[in-house]
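S.K.: Sharing a structure with you now.
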Amino acid sequence: MSEQVDQRRLDWWSISAQFTTRAWVLIPLGVALNFVGDFIAKTLRLPIFLDVIGTIVISVLAGPWVGALTGVISAVLNNLANPPIWAYSLAQVAIAFVTGYLASRGFFKNIWKAAIVGVAITVISIVISAPITAILFGGLTGSPTDVLTGFFLATTDNVVNSVIGTQAIVQPIDKILSTVAAFLIGAAIPIRYRPPFGREALPD
Amino acid sequence: MWLSYAAADRGLHRLNPVAKFACLLAALVWTFAFESIALNLAMTFVMVVGAVASGVWSRLWRPWLTVVVPFGVSALVIHSLFNPANATVLAEFAGVEIGREGALAGGIFASRVTILSSSILLFVLTTDPRLLMNALVARGFSTGASYAVLAAMDLPPELQRRTRSIWEAQQARGLDIGSGIVGRLRSFVAILGPLIGGALVATETRTLALEARGFARSGRRTFLRESPSGPWHRLALRAALLAIPLAIAARIVL
(Lines give C-alpha, C1' and ligand atoms only; values in the text may rest on other atoms or scores of the structure.)
Protein backbone atom coordinates (compact mmCIF):
# COMPACT_ATOMS: atom_id res chain seq x y z
CA MET A 1 0.00 0.00 0.00
CA SER A 2 2.77 2.42 0.98
CA GLU A 3 4.56 1.56 -2.27
CA GLN A 4 1.42 2.43 -4.20
CA VAL A 5 1.15 5.80 -2.44
CA ASP A 6 4.84 6.52 -3.13
CA GLN A 7 4.31 5.69 -6.81
CA ARG A 8 1.37 8.12 -6.96
CA ARG A 9 3.46 10.89 -5.40
CA LEU A 10 6.12 10.23 -8.02
CA ASP A 11 3.55 10.37 -10.82
CA TRP A 12 2.19 13.64 -9.47
CA TRP A 13 5.60 15.29 -9.86
CA SER A 14 7.00 13.35 -12.83
CA ILE A 15 7.03 15.45 -16.00
CA SER A 16 8.12 12.66 -18.36
CA ALA A 17 5.46 10.25 -17.07
CA GLN A 18 2.71 12.80 -17.72
CA PHE A 19 3.65 14.06 -21.19
CA THR A 20 2.57 11.09 -23.29
CA THR A 21 1.35 11.54 -26.90
CA ARG A 22 -2.24 11.25 -25.63
CA ALA A 23 -1.54 14.01 -23.09
CA TRP A 24 -0.19 16.33 -25.83
CA VAL A 25 -3.34 15.68 -27.84
CA LEU A 26 -5.55 16.39 -24.81
CA ILE A 27 -4.03 19.85 -24.23
CA PRO A 28 -5.80 21.52 -27.20
CA LEU A 29 -9.05 19.90 -26.03
CA GLY A 30 -8.54 21.40 -22.56
CA VAL A 31 -7.83 24.84 -24.05
CA ALA A 32 -10.95 24.56 -26.22
CA LEU A 33 -12.98 23.49 -23.15
CA ASN A 34 -11.89 26.63 -21.30
CA PHE A 35 -13.20 28.73 -24.20
CA VAL A 36 -16.37 26.73 -24.78
CA GLY A 37 -17.18 26.63 -21.03
CA ASP A 38 -17.03 30.41 -20.97
CA PHE A 39 -19.03 30.63 -24.23
CA ILE A 40 -21.82 28.30 -23.01
CA ALA A 41 -21.98 30.02 -19.60
CA LYS A 42 -22.44 33.40 -21.32
CA THR A 43 -25.01 32.07 -23.78
CA LEU A 44 -27.02 30.37 -21.02
CA ARG A 45 -26.74 33.61 -19.00
CA LEU A 46 -25.20 31.72 -16.07
CA PRO A 47 -23.71 34.13 -13.50
CA ILE A 48 -20.33 32.31 -13.63
CA PHE A 49 -17.29 32.12 -15.95
CA LEU A 50 -16.47 28.36 -16.19
CA ASP A 51 -13.26 29.38 -17.96
CA VAL A 52 -10.89 27.06 -16.03
CA ILE A 53 -12.96 23.91 -16.50
CA GLY A 54 -10.59 22.61 -19.22
CA THR A 55 -7.52 23.20 -17.02
CA ILE A 56 -9.14 21.24 -14.17
CA VAL A 57 -10.27 18.36 -16.43
CA ILE A 58 -6.81 17.99 -17.99
CA SER A 59 -5.05 18.21 -14.58
CA VAL A 60 -7.20 15.33 -13.33
CA LEU A 61 -6.86 13.28 -16.52
CA ALA A 62 -3.19 13.79 -17.38
CA GLY A 63 -1.56 15.34 -14.31
CA PRO A 64 -0.67 18.84 -13.06
CA TRP A 65 2.19 19.55 -15.50
CA VAL A 66 -0.06 18.92 -18.51
CA GLY A 67 -2.86 20.89 -16.83
CA ALA A 68 -0.48 23.78 -16.14
CA LEU A 69 0.57 23.94 -19.80
CA THR A 70 -3.11 23.84 -20.79
CA GLY A 71 -3.77 26.80 -18.48
CA VAL A 72 -0.84 28.83 -19.80
CA ILE A 73 -1.78 28.24 -23.46
CA SER A 74 -5.40 29.16 -22.63
CA ALA A 75 -4.31 32.38 -20.96
CA VAL A 76 -1.99 33.29 -23.85
CA LEU A 77 -4.63 32.59 -26.52
CA ASN A 78 -7.32 34.34 -24.47
CA ASN A 79 -5.25 37.50 -24.88
CA LEU A 80 -6.87 37.94 -28.27
CA ALA A 81 -10.20 38.71 -26.64
CA ASN A 82 -9.02 40.06 -23.30
CA PRO A 83 -5.34 41.15 -23.08
CA PRO A 84 -5.13 41.49 -19.26
CA ILE A 85 -5.79 37.72 -19.04
CA TRP A 86 -2.13 36.77 -19.79
CA ALA A 87 -1.16 38.00 -16.37
CA TYR A 88 -3.32 35.30 -14.81
CA SER A 89 -1.27 32.44 -16.30
CA LEU A 90 0.24 31.99 -12.85
CA ALA A 91 -3.23 31.48 -11.34
CA GLN A 92 -3.97 28.83 -14.01
CA VAL A 93 -0.68 27.05 -13.18
CA ALA A 94 -1.51 27.11 -9.45
CA ILE A 95 -5.02 25.76 -10.13
CA ALA A 96 -3.50 22.91 -12.18
CA PHE A 97 -1.04 21.97 -9.44
CA VAL A 98 -3.59 22.10 -6.60
CA THR A 99 -6.01 20.02 -8.69
CA GLY A 100 -3.34 17.53 -9.79
CA TYR A 101 -1.95 17.08 -6.30
CA LEU A 102 -5.35 16.62 -4.66
CA ALA A 103 -6.42 14.28 -7.50
CA SER A 104 -3.36 12.13 -6.78
CA ARG A 105 -4.46 12.02 -3.12
CA GLY A 106 -7.89 10.62 -4.03
CA PHE A 107 -9.94 13.84 -3.97
CA PHE A 108 -11.58 13.08 -7.33
CA LYS A 109 -12.97 9.71 -6.26
CA ASN A 110 -16.38 11.19 -5.42
CA ILE A 111 -18.31 14.40 -6.04
CA TRP A 112 -18.19 15.71 -2.44
CA LYS A 113 -14.42 15.50 -2.25
CA ALA A 114 -14.27 17.20 -5.66
CA ALA A 115 -16.29 20.09 -4.18
CA ILE A 116 -13.59 20.45 -1.48
CA VAL A 117 -11.01 20.78 -4.27
CA GLY A 118 -13.22 23.60 -5.60
CA VAL A 119 -12.87 25.43 -2.26
CA ALA A 120 -9.06 24.99 -2.33
CA ILE A 121 -8.94 26.30 -5.91
CA THR A 122 -11.03 29.32 -4.90
CA VAL A 123 -8.59 30.26 -2.16
CA ILE A 124 -5.44 29.81 -4.26
CA SER A 125 -7.06 31.64 -7.16
CA ILE A 126 -7.91 34.68 -5.00
CA VAL A 127 -4.49 34.72 -3.30
CA ILE A 128 -2.67 34.78 -6.65
CA SER A 129 -4.95 36.81 -8.90
CA ALA A 130 -5.95 39.61 -6.46
CA PRO A 131 -2.44 41.15 -6.22
CA ILE A 132 -1.97 40.78 -10.00
CA THR A 133 -5.24 42.63 -10.67
CA ALA A 134 -4.46 45.28 -8.06
CA ILE A 135 -0.83 45.99 -9.01
CA LEU A 136 -0.83 45.61 -12.80
CA PHE A 137 -4.33 46.80 -13.67
CA GLY A 138 -5.37 49.03 -10.77
CA GLY A 139 -7.91 46.46 -9.54
CA LEU A 140 -9.89 46.43 -12.79
CA THR A 141 -10.56 43.68 -15.31
CA GLY A 142 -12.76 45.41 -17.89
CA SER A 143 -15.69 43.15 -16.90
CA PRO A 144 -18.97 44.07 -15.14
CA THR A 145 -17.43 43.04 -11.78
CA ASP A 146 -15.47 46.34 -11.92
CA VAL A 147 -18.61 47.98 -10.48
CA LEU A 148 -18.21 45.85 -7.34
CA THR A 149 -14.52 46.78 -7.14
CA GLY A 150 -15.50 50.47 -7.40
CA PHE A 151 -17.96 49.99 -4.54
CA PHE A 152 -15.34 48.32 -2.32
CA LEU A 153 -12.76 50.95 -3.29
CA ALA A 154 -15.14 53.68 -2.13
CA THR A 155 -15.73 51.92 1.19
CA THR A 156 -12.33 50.38 2.04
CA ASP A 157 -9.83 52.87 0.52
CA ASN A 158 -7.54 49.96 -0.40
CA VAL A 159 -7.20 48.51 -3.92
CA VAL A 160 -6.00 45.01 -2.85
CA ASN A 161 -8.80 44.65 -0.26
CA SER A 162 -11.34 45.84 -2.85
CA VAL A 163 -10.21 43.21 -5.35
CA ILE A 164 -10.23 40.49 -2.68
CA GLY A 165 -13.77 41.57 -1.69
CA THR A 166 -14.94 41.36 -5.31
CA GLN A 167 -13.26 37.99 -5.92
CA ALA A 168 -14.61 36.54 -2.66
CA ILE A 169 -18.11 37.17 -4.02
CA VAL A 170 -17.53 36.04 -7.62
CA GLN A 171 -15.03 33.16 -7.35
CA PRO A 172 -16.42 30.51 -4.91
CA ILE A 173 -19.54 29.54 -6.90
CA ASP A 174 -17.63 29.61 -10.18
CA LYS A 175 -14.69 27.48 -9.02
CA ILE A 176 -16.74 24.94 -7.04
CA LEU A 177 -19.16 24.46 -9.95
CA SER A 178 -16.24 24.19 -12.39
CA THR A 179 -14.60 21.50 -10.25
CA VAL A 180 -17.82 19.52 -9.85
CA ALA A 181 -18.48 19.77 -13.60
CA ALA A 182 -14.88 18.66 -14.27
CA PHE A 183 -15.41 15.64 -11.99
CA LEU A 184 -18.62 14.69 -13.85
CA ILE A 185 -16.88 15.08 -17.22
CA GLY A 186 -13.80 13.09 -16.11
CA ALA A 187 -15.84 10.29 -14.52
CA ALA A 188 -17.93 9.96 -17.69
CA ILE A 189 -14.84 9.38 -19.86
CA PRO A 190 -14.34 5.68 -20.64
CA ILE A 191 -11.16 4.25 -19.04
CA ARG A 192 -9.58 3.40 -22.42
CA TYR A 193 -9.53 7.10 -23.35
CA ARG A 194 -7.90 8.18 -20.04
CA PRO A 195 -4.14 8.72 -19.67
CA PRO A 196 -2.47 6.71 -16.83
CA PHE A 197 -2.85 9.58 -14.29
CA GLY A 198 -6.59 9.82 -14.91
CA ARG A 199 -7.07 6.06 -14.55
CA GLU A 200 -5.72 6.34 -10.99
CA ALA A 201 -7.31 9.66 -10.02
CA LEU A 202 -10.90 9.13 -11.21
CA PRO A 203 -13.46 6.49 -10.18
CA ASP A 204 -13.76 3.46 -12.50
CA MET B 1 -14.08 36.69 -30.97
CA TRP B 2 -11.40 34.49 -32.55
CA LEU B 3 -8.74 36.31 -34.56
CA SER B 4 -6.26 34.57 -36.77
CA TYR B 5 -3.34 35.33 -39.09
CA ALA B 6 -4.20 37.57 -42.06
CA ALA B 7 -1.89 36.29 -44.80
CA ALA B 8 -0.07 39.03 -46.76
CA ASP B 9 3.43 39.93 -47.93
CA ARG B 10 4.02 43.49 -46.71
CA GLY B 11 5.15 45.44 -43.66
CA LEU B 12 5.42 43.38 -40.47
CA HIS B 13 4.42 40.18 -42.28
CA ARG B 14 7.97 40.11 -43.68
CA LEU B 15 9.70 40.32 -40.30
CA ASN B 16 11.16 37.11 -38.85
CA PRO B 17 8.52 35.69 -36.42
CA VAL B 18 11.03 35.18 -33.57
CA ALA B 19 12.27 38.78 -33.92
CA LYS B 20 8.63 39.94 -33.94
CA PHE B 21 7.90 37.88 -30.82
CA ALA B 22 10.92 39.47 -29.08
CA CYS B 23 9.60 42.95 -30.09
CA LEU B 24 6.20 42.04 -28.60
CA LEU B 25 7.82 40.98 -25.32
CA ALA B 26 9.91 44.18 -25.27
CA ALA B 27 6.78 46.32 -25.74
CA LEU B 28 5.05 44.52 -22.87
CA VAL B 29 8.06 44.88 -20.56
CA TRP B 30 8.42 48.58 -21.42
CA THR B 31 4.79 49.40 -20.71
CA PHE B 32 5.01 47.81 -17.25
CA ALA B 33 8.50 49.11 -16.45
CA PHE B 34 7.77 52.78 -17.23
CA GLU B 35 4.54 54.21 -15.84
CA SER B 36 4.21 56.83 -18.56
CA ILE B 37 1.07 57.72 -20.52
CA ALA B 38 3.18 59.60 -23.09
CA LEU B 39 5.43 56.58 -23.75
CA ASN B 40 2.40 54.28 -24.03
CA LEU B 41 0.71 56.65 -26.49
CA ALA B 42 3.93 56.91 -28.55
CA MET B 43 4.20 53.09 -28.70
CA THR B 44 0.52 52.84 -29.64
CA PHE B 45 1.10 55.32 -32.49
CA VAL B 46 4.03 53.23 -33.79
CA MET B 47 1.83 50.12 -33.68
CA VAL B 48 -1.03 51.82 -35.53
CA VAL B 49 1.45 52.89 -38.24
CA GLY B 50 2.74 49.29 -38.33
CA ALA B 51 -0.82 47.96 -38.67
CA VAL B 52 -1.61 50.35 -41.55
CA ALA B 53 1.70 49.54 -43.31
CA SER B 54 0.99 45.81 -42.93
CA GLY B 55 -2.58 46.19 -44.30
CA VAL B 56 -4.27 44.80 -41.16
CA TRP B 57 -5.73 47.98 -39.65
CA SER B 58 -9.23 47.20 -41.02
CA ARG B 59 -9.20 43.87 -39.13
CA LEU B 60 -7.53 45.26 -36.01
CA TRP B 61 -9.49 48.35 -34.98
CA ARG B 62 -12.82 46.71 -34.13
CA PRO B 63 -11.56 44.04 -31.64
CA TRP B 64 -9.05 46.60 -30.36
CA LEU B 65 -11.83 49.07 -29.48
CA THR B 66 -14.00 46.38 -27.83
CA VAL B 67 -11.14 45.72 -25.38
CA VAL B 68 -9.71 49.20 -24.91
CA VAL B 69 -12.91 51.27 -24.57
CA PRO B 70 -14.66 49.33 -21.71
CA PHE B 71 -11.42 48.94 -19.77
CA GLY B 72 -10.36 52.54 -20.39
CA VAL B 73 -13.73 53.96 -19.33
CA SER B 74 -13.91 51.89 -16.12
CA ALA B 75 -10.24 52.65 -15.28
CA LEU B 76 -10.73 56.40 -15.69
CA VAL B 77 -14.11 56.60 -13.95
CA ILE B 78 -13.35 54.33 -10.98
CA HIS B 79 -9.86 55.71 -10.27
CA SER B 80 -10.87 59.36 -10.78
CA LEU B 81 -13.67 58.96 -8.27
CA PHE B 82 -12.40 56.39 -5.75
CA ASN B 83 -8.59 56.10 -5.89
CA PRO B 84 -7.31 56.33 -2.28
CA ALA B 85 -4.41 58.56 -3.49
CA ASN B 86 -6.80 61.32 -4.66
CA ALA B 87 -5.75 64.59 -2.96
CA THR B 88 -6.12 67.27 -5.67
CA VAL B 89 -9.62 68.00 -6.97
CA LEU B 90 -9.54 68.30 -10.76
CA ALA B 91 -13.24 69.06 -11.18
CA GLU B 92 -16.54 68.68 -9.34
CA PHE B 93 -19.93 67.64 -10.73
CA ALA B 94 -23.07 67.54 -8.55
CA GLY B 95 -21.02 67.09 -5.38
CA VAL B 96 -18.84 64.32 -6.90
CA GLU B 97 -15.12 65.13 -6.91
CA ILE B 98 -12.77 63.98 -9.68
CA GLY B 99 -9.26 63.43 -8.29
CA ARG B 100 -6.16 64.37 -10.31
CA GLU B 101 -4.01 61.51 -8.94
CA GLY B 102 -6.74 58.95 -9.63
CA ALA B 103 -7.31 60.28 -13.16
CA LEU B 104 -3.56 59.93 -13.87
CA ALA B 105 -3.47 56.39 -12.42
CA GLY B 106 -6.55 55.48 -14.49
CA GLY B 107 -4.84 56.93 -17.59
CA ILE B 108 -1.75 54.79 -16.99
CA PHE B 109 -3.78 51.60 -16.55
CA ALA B 110 -5.92 52.42 -19.62
CA SER B 111 -2.89 53.20 -21.83
CA ARG B 112 -1.15 50.05 -20.55
CA VAL B 113 -4.09 47.90 -21.67
CA THR B 114 -4.06 49.78 -25.00
CA ILE B 115 -0.44 48.65 -25.51
CA LEU B 116 -1.25 45.09 -24.47
CA SER B 117 -4.18 44.93 -26.83
CA SER B 118 -2.58 46.60 -29.85
CA SER B 119 0.74 44.71 -29.64
CA ILE B 120 -0.87 41.29 -29.22
CA LEU B 121 -3.49 41.84 -31.94
CA LEU B 122 -0.86 43.19 -34.33
CA PHE B 123 1.40 40.20 -33.64
CA VAL B 124 -1.40 37.67 -34.20
CA LEU B 125 -2.63 39.30 -37.42
CA THR B 126 0.85 39.57 -38.99
CA THR B 127 2.45 36.28 -37.83
CA ASP B 128 1.88 32.90 -39.46
CA PRO B 129 1.65 30.63 -36.36
CA ARG B 130 3.08 27.64 -38.25
CA LEU B 131 6.13 29.64 -39.30
CA LEU B 132 6.58 30.92 -35.73
CA MET B 133 6.40 27.41 -34.27
CA ASN B 134 8.84 26.06 -36.89
CA ALA B 135 11.27 28.84 -36.01
CA LEU B 136 10.90 28.15 -32.27
CA VAL B 137 11.32 24.37 -32.73
CA ALA B 138 14.49 25.07 -34.76
CA ARG B 139 15.72 27.00 -31.68
CA GLY B 140 15.04 24.08 -29.34
CA PHE B 141 11.34 24.57 -28.45
CA SER B 142 9.51 21.29 -27.74
CA THR B 143 7.75 19.75 -30.78
CA GLY B 144 4.97 18.54 -28.48
CA ALA B 145 4.34 22.05 -27.14
CA SER B 146 4.48 23.38 -30.71
CA TYR B 147 1.78 20.88 -31.75
CA ALA B 148 -0.31 21.75 -28.66
CA VAL B 149 -0.21 25.50 -29.38
CA LEU B 150 -1.07 25.13 -33.08
CA ALA B 151 -3.86 22.63 -32.45
CA ALA B 152 -5.19 24.80 -29.59
CA MET B 153 -5.52 27.69 -32.05
CA ASP B 154 -7.57 25.58 -34.46
CA LEU B 155 -9.79 23.66 -32.04
CA PRO B 156 -11.84 26.33 -30.14
CA PRO B 157 -13.65 27.73 -33.22
CA GLU B 158 -14.35 24.14 -34.36
CA LEU B 159 -15.68 23.15 -30.92
CA GLN B 160 -17.76 26.32 -30.79
CA ARG B 161 -19.38 25.40 -34.13
CA ARG B 162 -20.08 21.89 -32.79
CA THR B 163 -21.57 23.40 -29.61
CA ARG B 164 -24.09 25.33 -31.70
CA SER B 165 -25.12 22.14 -33.56
CA ILE B 166 -25.54 20.19 -30.30
CA TRP B 167 -27.40 23.15 -28.83
CA GLU B 168 -29.93 23.17 -31.70
CA ALA B 169 -30.27 19.36 -31.61
CA GLN B 170 -30.91 19.34 -27.84
CA GLN B 171 -33.42 22.18 -28.14
CA ALA B 172 -35.24 20.20 -30.84
CA ARG B 173 -35.44 17.33 -28.31
CA GLY B 174 -37.07 19.67 -25.76
CA LEU B 175 -34.11 21.14 -23.83
CA ASP B 176 -35.33 24.31 -22.08
CA ILE B 177 -32.55 26.88 -22.00
CA GLY B 178 -34.80 29.71 -20.82
CA SER B 179 -35.69 28.12 -17.46
CA GLY B 180 -34.34 28.95 -13.96
CA ILE B 181 -30.73 28.72 -12.86
CA VAL B 182 -30.90 24.98 -12.01
CA GLY B 183 -32.49 24.23 -15.38
CA ARG B 184 -29.80 26.24 -17.17
CA LEU B 185 -27.07 24.36 -15.28
CA ARG B 186 -28.68 21.08 -16.41
CA SER B 187 -28.65 22.44 -19.97
CA PHE B 188 -24.92 23.10 -19.57
CA VAL B 189 -24.27 19.43 -18.78
CA ALA B 190 -26.64 18.29 -21.56
CA ILE B 191 -24.64 20.30 -24.09
CA LEU B 192 -21.16 19.54 -22.74
CA GLY B 193 -21.66 15.74 -22.51
CA PRO B 194 -22.06 15.00 -26.25
CA LEU B 195 -19.46 17.67 -27.07
CA ILE B 196 -16.75 16.02 -24.96
CA GLY B 197 -17.70 12.53 -26.12
CA GLY B 198 -17.24 13.48 -29.78
CA ALA B 199 -14.00 15.37 -29.06
CA LEU B 200 -12.52 12.38 -27.20
CA VAL B 201 -13.11 10.04 -30.12
CA ALA B 202 -11.28 12.57 -32.33
CA THR B 203 -8.49 12.72 -29.71
CA GLU B 204 -7.99 8.95 -29.92
CA THR B 205 -7.78 9.09 -33.73
CA ARG B 206 -5.31 11.98 -33.57
CA THR B 207 -3.11 10.17 -31.04
CA LEU B 208 -2.84 7.14 -33.32
CA ALA B 209 -2.14 9.33 -36.37
CA LEU B 210 0.62 11.24 -34.55
CA GLU B 211 2.23 8.05 -33.22
CA ALA B 212 2.20 6.60 -36.74
CA ARG B 213 4.08 9.72 -37.94
CA GLY B 214 6.84 9.45 -35.31
CA PHE B 215 5.55 12.26 -33.06
CA ALA B 216 7.35 10.95 -29.96
CA ARG B 217 10.70 10.50 -31.73
CA SER B 218 13.49 12.89 -30.78
CA GLY B 219 16.13 14.35 -33.10
CA ARG B 220 16.61 17.28 -35.43
CA ARG B 221 13.62 18.26 -37.59
CA THR B 222 13.59 19.82 -41.04
CA PHE B 223 10.85 22.18 -42.20
CA LEU B 224 9.04 22.68 -45.47
CA ARG B 225 8.89 26.45 -44.95
CA GLU B 226 11.71 28.55 -43.52
CA SER B 227 11.31 31.93 -41.78
CA PRO B 228 12.74 35.07 -43.40
CA SER B 229 16.24 35.86 -42.16
CA GLY B 230 19.03 38.38 -42.75
CA PRO B 231 20.96 41.21 -41.04
CA TRP B 232 17.87 43.41 -40.47
CA HIS B 233 15.98 40.58 -38.82
CA ARG B 234 18.96 39.81 -36.56
CA LEU B 235 19.28 43.51 -35.70
CA ALA B 236 15.58 43.71 -34.73
CA LEU B 237 15.91 40.57 -32.60
CA ARG B 238 19.04 41.80 -30.80
CA ALA B 239 17.61 45.30 -30.23
CA ALA B 240 14.43 43.82 -28.73
CA LEU B 241 16.40 41.39 -26.55
CA LEU B 242 18.59 44.27 -25.35
CA ALA B 243 15.57 46.51 -24.64
CA ILE B 244 14.10 44.02 -22.16
CA PRO B 245 16.92 43.96 -19.55
CA LEU B 246 17.47 47.70 -20.10
CA ALA B 247 13.87 48.45 -19.14
CA ILE B 248 14.06 46.16 -16.11
CA ALA B 249 17.35 47.77 -14.99
CA ALA B 250 15.91 51.27 -15.48
CA ARG B 251 12.87 50.32 -13.43
CA ILE B 252 15.08 49.12 -10.57
CA VAL B 253 17.49 52.08 -10.68
CA LEU B 254 15.05 54.96 -11.35
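Ligands are numbered from 1 in the order shown, residues from 1 within each chain, and chains are lettered A, B, ... in the order they appear in the C-alpha coordinates.
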Got a sec: who's within 9 Å of B:Ser146, counting only C-alpha atoms, leaving out chain neighbours fewer than 6 positions off, as an NGL selection string?
M.R.: :B and (130 or 133-134 or 136-137)
S.K.: For chain A against chain B, with a cut-off of 8 Å and counting only C-alpha atoms, what is the closest atom pair and its distance in Å to one decimal for every residue that makes the cut, ordered by chain and number, as a Markdown table?
M.R.:
| residue | atom | partner | partner_atom | distance |
| --- | --- | --- | --- | --- |
| A:Thr21 | CA | B:Thr207 | CA | 6.2 |
| A:Arg22 | CA | B:Thr207 | CA | 5.6 |
| A:Trp24 | CA | B:Ala148 | CA | 6.1 |
| A:Val25 | CA | B:Thr203 | CA | 6.2 |
| A:Leu26 | CA | B:Thr203 | CA | 6.8 |
| A:Ile27 | CA | B:Ala148 | CA | 6.1 |
| A:Pro28 | CA | B:Ala152 | CA | 4.1 |
| A:Leu29 | CA | B:Leu155 | CA | 7.1 |
| A:Val31 | CA | B:Ala152 | CA | 6.1 |
| A:Ala32 | CA | B:Pro156 | CA | 4.4 |
| A:Leu33 | CA | B:Pro156 | CA | 7.6 |
| A:Phe35 | CA | B:Pro156 | CA | 6.6 |
| A:Val36 | CA | B:Gln160 | CA | 6.2 |
| A:Phe39 | CA | B:Gln160 | CA | 8.0 |
| A:Ile40 | CA | B:Phe188 | CA | 7.0 |
| A:Ala41 | CA | B:Phe188 | CA | 7.5 |
| A:Leu44 | CA | B:Arg184 | CA | 6.3 |
| A:Leu46 | CA | B:Ile181 | CA | 7.1 |
| A:Ile73 | CA | B:Val149 | CA | 6.7 |
| A:Leu77 | CA | B:Met153 | CA | 7.4 |
| A:Asn79 | CA | B:Ile120 | CA | 7.2 |
| A:Leu80 | CA | B:Leu121 | CA | 6.3 |
| A:Ala81 | CA | B:Met1 | CA | 6.2 |
| A:Asn82 | CA | B:Val67 | CA | 6.4 |
| A:Pro83 | CA | B:Ser117 | CA | 5.5 |
| A:Pro84 | CA | B:Val113 | CA | 6.9 |
| A:Leu136 | CA | B:Phe32 | CA | 7.7 |
| A:Phe137 | CA | B:Phe109 | CA | 5.6 |
| A:Gly138 | CA | B:Phe109 | CA | 6.5 |
| A:Leu140 | CA | B:Ala75 | CA | 6.7 |
| A:Thr141 | CA | B:Phe71 | CA | 6.9 |
| A:Gly142 | CA | B:Phe71 | CA | 4.2 |
| A:Ser143 | CA | B:Phe71 | CA | 7.7 |
| A:Asp146 | CA | B:Ser74 | CA | 7.1 |
| A:Gly150 | CA | B:Ile78 | CA | 5.7 |
| A:Leu153 | CA | B:Phe82 | CA | 6.0 |
| A:Ala154 | CA | B:Phe82 | CA | 5.3 |
| A:Asp157 | CA | B:Pro84 | CA | 5.1 |
| A:Asn158 | CA | B:Pro84 | CA | 6.6 |
| A:Val159 | CA | B:Asn83 | CA | 8.0 |
| A:Ala181 | CA | B:Val189 | CA | 7.8 |
| A:Ile185 | CA | B:Gly193 | CA | 7.2 |
| A:Ile189 | CA | B:Gly197 | CA | 7.6 |
| A:Tyr193 | CA | B:Glu204 | CA | 7.0 |
S.K.: Restricting the calculation to only C-alpha atoms, which member of A:Thr145, A:Ser59, A:Ser74, A:Ser125 is positioned closest to A:Thr99?
M.R.: A:Ser59
S.K.: Which residue, A:Phe19, A:Trp12, A:Phe197, A:Phe183, has the smallest gap to A:Phe108 when you use only C-alpha atoms?
M.R.: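 Comparing A:Phe19, A:Trp12, A:Phe197, A:Phe183 against A:Phe108, the winner is A:Phe183.
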S.K.: With distances taken over only C-alpha atoms, which residue among B:Leu65, B:Ala190, B:Ala19, B:Ala103 lies nearest B:Ala91?
M.R.: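 Using only C-alpha atoms, B:Ala91 sits closest to B:Ala103.
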S.K.: Report the residues of stretch 29-123 of chain A whose backbone DSSP state falls under helix (DSSP H, G or I), written as a count of residues only.
M.R.: 75
S.K.: What lies within 9 Å of stretch 161-166 of chain A using only C-alpha atoms, ignoring chain neighbours under 5 positions off, as a ChimeraX atom specification?
M.R.: /A:126-127,129-131,133-134,139-140,145-146,148-156,171
S.K.: To one decimal place in Å, what is the distance between atom CA of A:Ile48 and atom CA of A:Gly106?
M.R.: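 Value for the atom CA of A:Ile48-atom CA of A:Gly106 distance: 26.8 Å.
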S.K.: Extract the full set of strand (DSSP E) residues from stretch 61-153 of chain B according to DSSP on the backbone, and format it as a PyMOL selection string.
M.R.: chain B and resi 89-93+96-99
S.K.: Write a file of the selected residues as a PDB file, in the first residue's frame, keeping N, CA and C atoms.
M.R.:
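Dumped everything to part05.pdb:
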ATOM      1  N   VAL B  89      -8.343  68.068  -6.245  1.00  0.00           N
ATOM      2  CA  VAL B  89      -9.617  67.999  -6.966  1.00  0.00           C
ATOM      3  C   VAL B  89      -9.444  68.643  -8.345  1.00  0.00           C
ATOM      4  N   LEU B  90      -9.684  67.841  -9.373  1.00  0.00           N
ATOM      5  CA  LEU B  90      -9.537  68.302 -10.757  1.00  0.00           C
ATOM      6  C   LEU B  90     -10.812  69.024 -11.204  1.00  0.00           C
ATOM      7  N   ALA B  91     -11.947  68.456 -10.835  1.00  0.00           N
ATOM      8  CA  ALA B  91     -13.243  69.057 -11.177  1.00  0.00           C
ATOM      9  C   ALA B  91     -14.294  68.494 -10.225  1.00  0.00           C
ATOM     10  N   GLU B  92     -15.463  69.142 -10.219  1.00  0.00           N
ATOM     11  CA  GLU B  92     -16.538  68.683  -9.336  1.00  0.00           C
ATOM     12  C   GLU B  92     -17.868  68.775 -10.063  1.00  0.00           C
ATOM     13  N   PHE B  93     -18.610  67.642 -10.089  1.00  0.00           N
ATOM     14  CA  PHE B  93     -19.929  67.637 -10.728  1.00  0.00           C
ATOM     15  C   PHE B  93     -20.952  67.117  -9.728  1.00  0.00           C
ATOM     16  N   VAL B  96     -19.795  65.433  -6.718  1.00  0.00           N
ATOM     17  CA  VAL B  96     -18.840  64.316  -6.899  1.00  0.00           C
ATOM     18  C   VAL B  96     -17.500  64.899  -7.348  1.00  0.00           C
ATOM     19  N   GLU B  97     -16.441  64.575  -6.603  1.00  0.00           N
ATOM     20  CA  GLU B  97     -15.118  65.129  -6.908  1.00  0.00           C
ATOM     21  C   GLU B  97     -14.307  64.185  -7.794  1.00  0.00           C
ATOM     22  N   ILE B  98     -13.650  64.761  -8.812  1.00  0.00           N
ATOM     23  CA  ILE B  98     -12.770  63.975  -9.679  1.00  0.00           C
ATOM     24  C   ILE B  98     -11.336  64.274  -9.264  1.00  0.00           C
ATOM     25  N   GLY B  99     -10.621  63.245  -8.803  1.00  0.00           N
ATOM     26  CA  GLY B  99      -9.262  63.431  -8.290  1.00  0.00           C
ATOM     27  C   GLY B  99      -8.222  63.399  -9.392  1.00  0.00           C
TER      28      GLY B  99
END
S.K.: Atom CA of A:Ala23 to atom CA of A:Pro190: how many Å, to one decimal?
M.R.: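 These two atoms are separated by 15.5 Å.
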